[in-house]
There are 2 protein chains.
Amino acid sequence: MTTPQSQPNDELTLTTSDARIQELLERMNEIADLGAMNALLAWDQNTALPDGAGEVRGAQLATIEGVLHERQTAARIGELLGELESVVASAPYTDADRGLVRETRRSYDQATKLPAGLVQEMARVGAASFDAWRRARTHNDFAQFAPWLGKTITLQREVADRLRTPGQASRYDALLDLYEPGMTSERLDALFGPIREVSVATLQRIQQSGHTIDASCLEGDFPADSQVALSRELLTGIGYDFNNGGIAISPHPFTTSFGSPFDVRVTVRPDPKFLQAALMAAVHEGGHAVYEQGSDKRLARSPLAGGASLGAHESQSRLWENAIGRSEAFWQGQYDKVKAAYPQQYANVDVATFARALNTVRPSLIRVEADEVTYNLHIIVRYEMEKAMVNGEVAVESLPGKWNGMYQEYLGVEPPTDARGIMQDIHWTSGFGYFPTYTLGNLYAAQIYATLRQTFPDFDERLAAGDTSFVLNWLRERMYAVGSVYQPEQLIERVTGEKPNPDYFRRYLTEKFAKVYDLAG
Amino acid sequence: MTTPQSQPNDELTLTTSDARIQELLERMNEIADLGAMNALLAWDQNTALPDGAGEVRGAQLATIEGVLHERQTAARIGELLGELESVVASAPYTDADRGLVRETRRSYDQATKLPAGLVQEMARVGAASFDAWRRARTHNDFAQFAPWLGKTITLQREVADRLRTPGQASRYDALLDLYEPGMTSERLDALFGPIREVSVATLQRIQQSGHTIDASCLEGDFPADSQVALSRELLTGIGYDFNNGGIAISPHPFTTSFGSPFDVRVTVRPDPKFLQAALMAAVHEGGHAVYEQGSDKRLARSPLAGGASLGAHESQSRLWENAIGRSEAFWQGQYDKVKAAYPQQYANVDVATFARALNTVRPSLIRVEADEVTYNLHIIVRYEMEKAMVNGEVAVESLPGKWNGMYQEYLGVEPPTDARGIMQDIHWTSGFGYFPTYTLGNLYAAQIYATLRQTFPDFDERLAAGDTSFVLNWLRERMYAVGSVYQPEQLIERVTGEKPNPDYFRRYLTEKFAKVYDLAG
């Protein structure tokens, strides 16, 4: 086994012998605790809150947000940052110190640059926009949603203007930076171009081959309880630690942390007729969760605990879900769990058939149902539209036409309704800049996956033997332990030896689906 | 049907046209929200927290306590109270205004009179005492617990000295007032004397009769899931509203509120071999919960939402659990649910046998297993000992002997070990003054129950027909809606037309057990 280049250990130790680091850390500990409470309120809201408690829960969330904002904008934090920023670059300060100062600066600037009135207006418009979106989607009437989308565009531009630094080339870059620190649209354009090309090309090759996959083995009767139990086993199978976690049911699967690495929980949502949904959601959320559970304990209760960015996070959910969790090798090691849970359903289904069924490609209208080949095309449509909305002068009424045109061009499908088109996602009820992190995640995942396979020549054999711990340990040591001490691009370079490079995803997608769809020749 | 004297409606409206009431209310809203978060952290800790998250959860609880204390001691609250206390007694101020000022004064004084160092020391000693108690109980070694009990006595005396007002006759009265506002040991002595007498006398008459009850129908195999489902049905049966509630499993059953009346939840703990535990716990916690769910919405997010005191709260859990929930009439209306859940177990058990089994009297060593006849004797032992510890100069080593002597005298049993004697309860790891509220609850419950039976001459017939809503509606209108607008003694007088009077409990116990144990003659 290749020994990975491990993290220089003392770089994760905060220099608390400096009273200023200590004081900043204590303040950020309190802020982290309040953030954990916010997360607990939201978790409870999604898993247990009674129907009649929505309003009082809203008031509680507003109260904790108020306390958080008060703490985040404390003038003393600004003073400490001012002093520390002038010394932290050199010895004896560690990477953790620099990360703490950088991440605190981010949250301090975000909290202080946006006036309270703007934040309240965003919350108000967000709630009203969400309501309008729900109604508009139900009635397939974009005109009901359009004015709220217009208001969101106006507000997001104001946010961008307030947050934008001299180094950021556009408003959109200022929003991007909220979710993927350091990312720019110039860089995204360069990364996403090759991804769009390979996705369109792979889709066409599959369609032209005429080959299809029989995925009927994933349909049947799967009682919710048994799916939760099986999800537990798969989570345990990939190394998720229930001693620092838990599982619940919610309308949409998600992962949340109430203090990484100690308390990281996931949800699933069983579909009683279709096994794939809960199963792959468990592995996907498990990927997010093992990332959070892998943070070094020294970073706990600081802004450095947990993932480096949304893109870095998504890289781990996608790595575990897609690169690993949809591979035949993985299922050779895990399929017994499925067979034990549903002995009749899978008596006559071999593991190759099962694993292949999980990789069915079918261009569709709906992002959240998309396969690996088409998923990024859904994202790139949204990315192009977001740039136009935030940087350009696009008329809101023209957006559905623009959307439909790009779906036709990239995916070869045309939404019959706006409900199944531009209004399918919740994201634009609140803001812009989030979507690209999904595709960044896929790109990072492919690059990390290539490094893993190069590091472990017997990668498939070990997975097939039921072992996943060698993957988890390697990722923990190289990536998870450092939390958000490093910014995403630097982190990817540390883990893989190279800056983010779309070639890995190109090769991954081409080779994988050539095999799955038997496209040789 | 007798129409109950309903609450003058406008007395529950806060006079927010007075800017000072409005400002005080807004501050108390924020404090209520932070309190709800505290409760949510604790609920999660008891129902879902992973084993590895204890330490980080402790830090989060400390953080929220810190913010709460900061908000509770704001000097502005003291100013507002000063101004309002001089005007609030007369028109146009309402009972709710007076309640708000009174309850805010209570929490403000408690928070400001106890220095932060003392509060921290109490938390530290409490945690260490809990650990020592657990070990000492396991090893039946009182000597391990004794020094921590000694420290708790010292700290509780200091708390009492700091909180005690000129009107309070003893240190113990200052502690009592924390849990039962306005209660004194002089008053408790007068109330508890008759209760001790009737309990001892009833126990002796049962024992001398030689009559016994066959409770074997409560033993068997009862899967946990089915007990939770049955608990749900019984909760619904007494009017608990799942639209503003929820149920979970925890090691000890409890009720909690994250904002009454909107979000009030309960837990149960099924015993797989003994149906009575979860069943009666569900009705007991349901009693606490319907009280909280009955608060008038105008009081929400204020210190006036929810029960008036621990004694008032316990009166409702006991009323529903014992007076109603252990009556044959109640089970005539609800027994079908039990039979449907366990058709084989109860095929040949009639409702009278089932209901009678729930009323078995057996003097025991353990409070939480005690029946209605002996329960208050357990409490009175603790009450006498607490007074001695707080007011007197008792040597800690002499406490087990004192305990055992009283058990022999009141209950006719002598603890073979301190683990099953003085160390059985968790309460003394943190403080004194809580126990008496259990017996006060029984006393209030009997008095309210007598009023209910007088108000509804067809009380038993309606219960037997499966109707409990007439009870709930009456209680809501007279008692639950007003939350803690009135202090407990005044509240009992409003509900029953009389100050707390132990005669009702005396008659209740005597008559009920004469019938249950066939003691006629």
# chains A, B, ... in the order shown; residues from 1 in each chain; ligands from 1
>>> residues_around(residues="Glu461 in chain B", least_positions_apart="3", cutoff="12 Å", atoms="only C-alpha atoms", output="PDB file with C-alpha atoms, in the first residue's frame")
ATOM      1  CA  SER B 327     -60.710   4.516  37.017  1.00  0.00           C
ATOM      2  CA  GLU B 328     -62.862   1.719  35.665  1.00  0.00           C
ATOM      3  CA  ALA B 329     -65.108   4.285  33.947  1.00  0.00           C
ATOM      4  CA  PHE B 330     -62.184   5.606  31.915  1.00  0.00           C
ATOM      5  CA  TRP B 331     -61.164   2.146  30.784  1.00  0.00           C
ATOM      6  CA  GLN B 332     -64.712   1.273  29.826  1.00  0.00           C
ATOM      7  CA  GLY B 333     -64.265   3.978  27.218  1.00  0.00           C
ATOM      8  CA  ARG B 453     -67.461  15.332  39.581  1.00  0.00           C
ATOM      9  CA  PHE B 456     -70.708  16.828  35.865  1.00  0.00           C
ATOM     10  CA  PRO B 457     -73.101  14.453  37.657  1.00  0.00           C
ATOM     11  CA  ASP B 458     -72.790  12.044  34.711  1.00  0.00           C
ATOM     12  CA  ALA B 464     -67.391   5.136  30.019  1.00  0.00           C
ATOM     13  CA  ALA B 465     -68.805   6.230  26.672  1.00  0.00           C
ATOM     14  CA  GLY B 466     -65.275   7.161  25.575  1.00  0.00           C
ATOM     15  CA  ASP B 467     -65.744  10.915  26.019  1.00  0.00           C
ATOM     16  CA  THR B 468     -62.969  12.838  27.741  1.00  0.00           C
ATOM     17  CA  PHE B 470     -65.849  17.539  28.446  1.00  0.00           C
TER      18      PHE B 470
END
>>> interface_residues(of="chain B", to="chain A", cutoff="10 Å", atoms="only C-alpha atoms", output="CSV table (one decimal) with C-alpha atoms, in the first residue's frame")
chain,number,residue,atom,x,y,z
B,29,ASN,CA,-40.1,36.7,23.9
B,30,GLU,CA,-36.4,36.5,23.2
B,31,ILE,CA,-35.7,34.8,26.5
B,32,ALA,CA,-38.6,32.4,25.9
B,33,ASP,CA,-37.1,31.5,22.5
B,34,LEU,CA,-33.7,30.9,24.1
B,35,GLY,CA,-35.4,28.8,26.8
B,36,ALA,CA,-37.1,26.8,24.0
B,37,MET,CA,-33.7,26.1,22.4
B,38,ASN,CA,-32.4,25.0,25.7
B,40,LEU,CA,-34.7,21.3,22.4
B,41,LEU,CA,-31.0,20.6,23.2
B,44,ASP,CA,-32.4,15.8,21.7
B,48,ALA,CA,-31.3,11.1,19.9
B,49,LEU,CA,-27.9,12.4,20.9
B,50,PRO,CA,-25.1,10.0,19.9
B,51,ASP,CA,-22.9,8.7,22.6
B,52,GLY,CA,-19.8,10.5,21.3
B,53,ALA,CA,-21.4,13.9,21.5
B,54,GLY,CA,-21.7,14.4,25.2
B,55,GLU,CA,-18.9,16.9,25.6
B,56,VAL,CA,-19.8,19.1,22.6
B,57,ARG,CA,-23.4,19.2,23.7
B,59,ALA,CA,-20.4,23.2,25.6
B,60,GLN,CA,-23.5,24.1,23.6
B,61,LEU,CA,-25.7,24.1,26.7
B,62,ALA,CA,-23.2,26.3,28.5
B,63,THR,CA,-23.2,28.7,25.6
B,64,ILE,CA,-27.0,29.0,25.5
B,66,GLY,CA,-24.6,32.2,29.0
B,67,VAL,CA,-26.7,34.0,26.5
B,241,ASP,CA,-53.1,17.2,20.0
B,242,PHE,CA,-50.4,15.8,17.7
B,243,ASN,CA,-50.8,18.8,15.5
B,244,ASN,CA,-49.0,20.6,18.2
B,245,GLY,CA,-47.0,17.7,19.6
B,246,GLY,CA,-45.1,14.5,19.1
B,247,ILE,CA,-43.9,11.4,20.8
B,248,ALA,CA,-40.4,9.8,21.2
B,258,PHE,CA,-40.6,24.3,22.7
B,259,GLY,CA,-43.2,27.1,22.8
B,260,SER,CA,-46.6,26.5,24.4
B,261,PRO,CA,-49.3,26.0,23.2
B,262,PHE,CA,-47.8,25.2,19.8
B,263,ASP,CA,-45.2,22.6,20.3
B,264,VAL,CA,-45.4,20.3,23.4
B,265,ARG,CA,-43.9,16.9,23.2
B,300,ALA,CA,-47.2,32.4,23.7
B,301,ARG,CA,-43.5,33.2,23.9
>>> closest_atom_pairs(of="range 146-220 of chain B", to="range 306-315 of chain B", cutoff="8 Å", atoms="only C-alpha atoms", output="JSON lines")
{"residue": "B:Tyr179", "atom": "CA", "partner": "B:Leu310", "partner_atom": "CA", "distance": 5.8}
{"residue": "B:Glu180", "atom": "CA", "partner": "B:Ser309", "partner_atom": "CA", "distance": 5.3}
{"residue": "B:Pro181", "atom": "CA", "partner": "B:Ser309", "partner_atom": "CA", "distance": 6.9}
>>> write_last_selection(atoms="N, CA and C atoms", output="mmCIF file, in the first residue's frame")
data_model
loop_
_atom_site.group_PDB
_atom_site.id
_atom_site.type_symbol
_atom_site.label_atom_id
_atom_site.label_comp_id
_atom_site.auth_asym_id
_atom_site.auth_seq_id
_atom_site.Cartn_x
_atom_site.Cartn_y
_atom_site.Cartn_z
ATOM 1 N N TYR B 179 -39.890 26.513 43.096
ATOM 2 C CA TYR B 179 -40.675 25.519 42.361
ATOM 3 C C TYR B 179 -42.180 25.740 42.525
ATOM 4 N N GLU B 180 -42.571 26.261 43.687
ATOM 5 C CA GLU B 180 -43.985 26.480 43.953
ATOM 6 C C GLU B 180 -44.123 27.885 44.527
ATOM 7 N N PRO B 181 -44.296 28.867 43.644
ATOM 8 C CA PRO B 181 -44.286 30.264 44.081
ATOM 9 C C PRO B 181 -45.293 30.511 45.204
#
>>> closest_residue(among="B:Glu26, B:Glu197, B:Glu384, B:Asp336", to="Trp403 in chain B", atoms="only C-alpha atoms")
B:Glu384
>>> closest_residue(among="B:Val361, B:Leu149, B:Ala39, B:Ala143", to="Tyr375 in chain B", atoms="only C-alpha atoms")
B:Val361
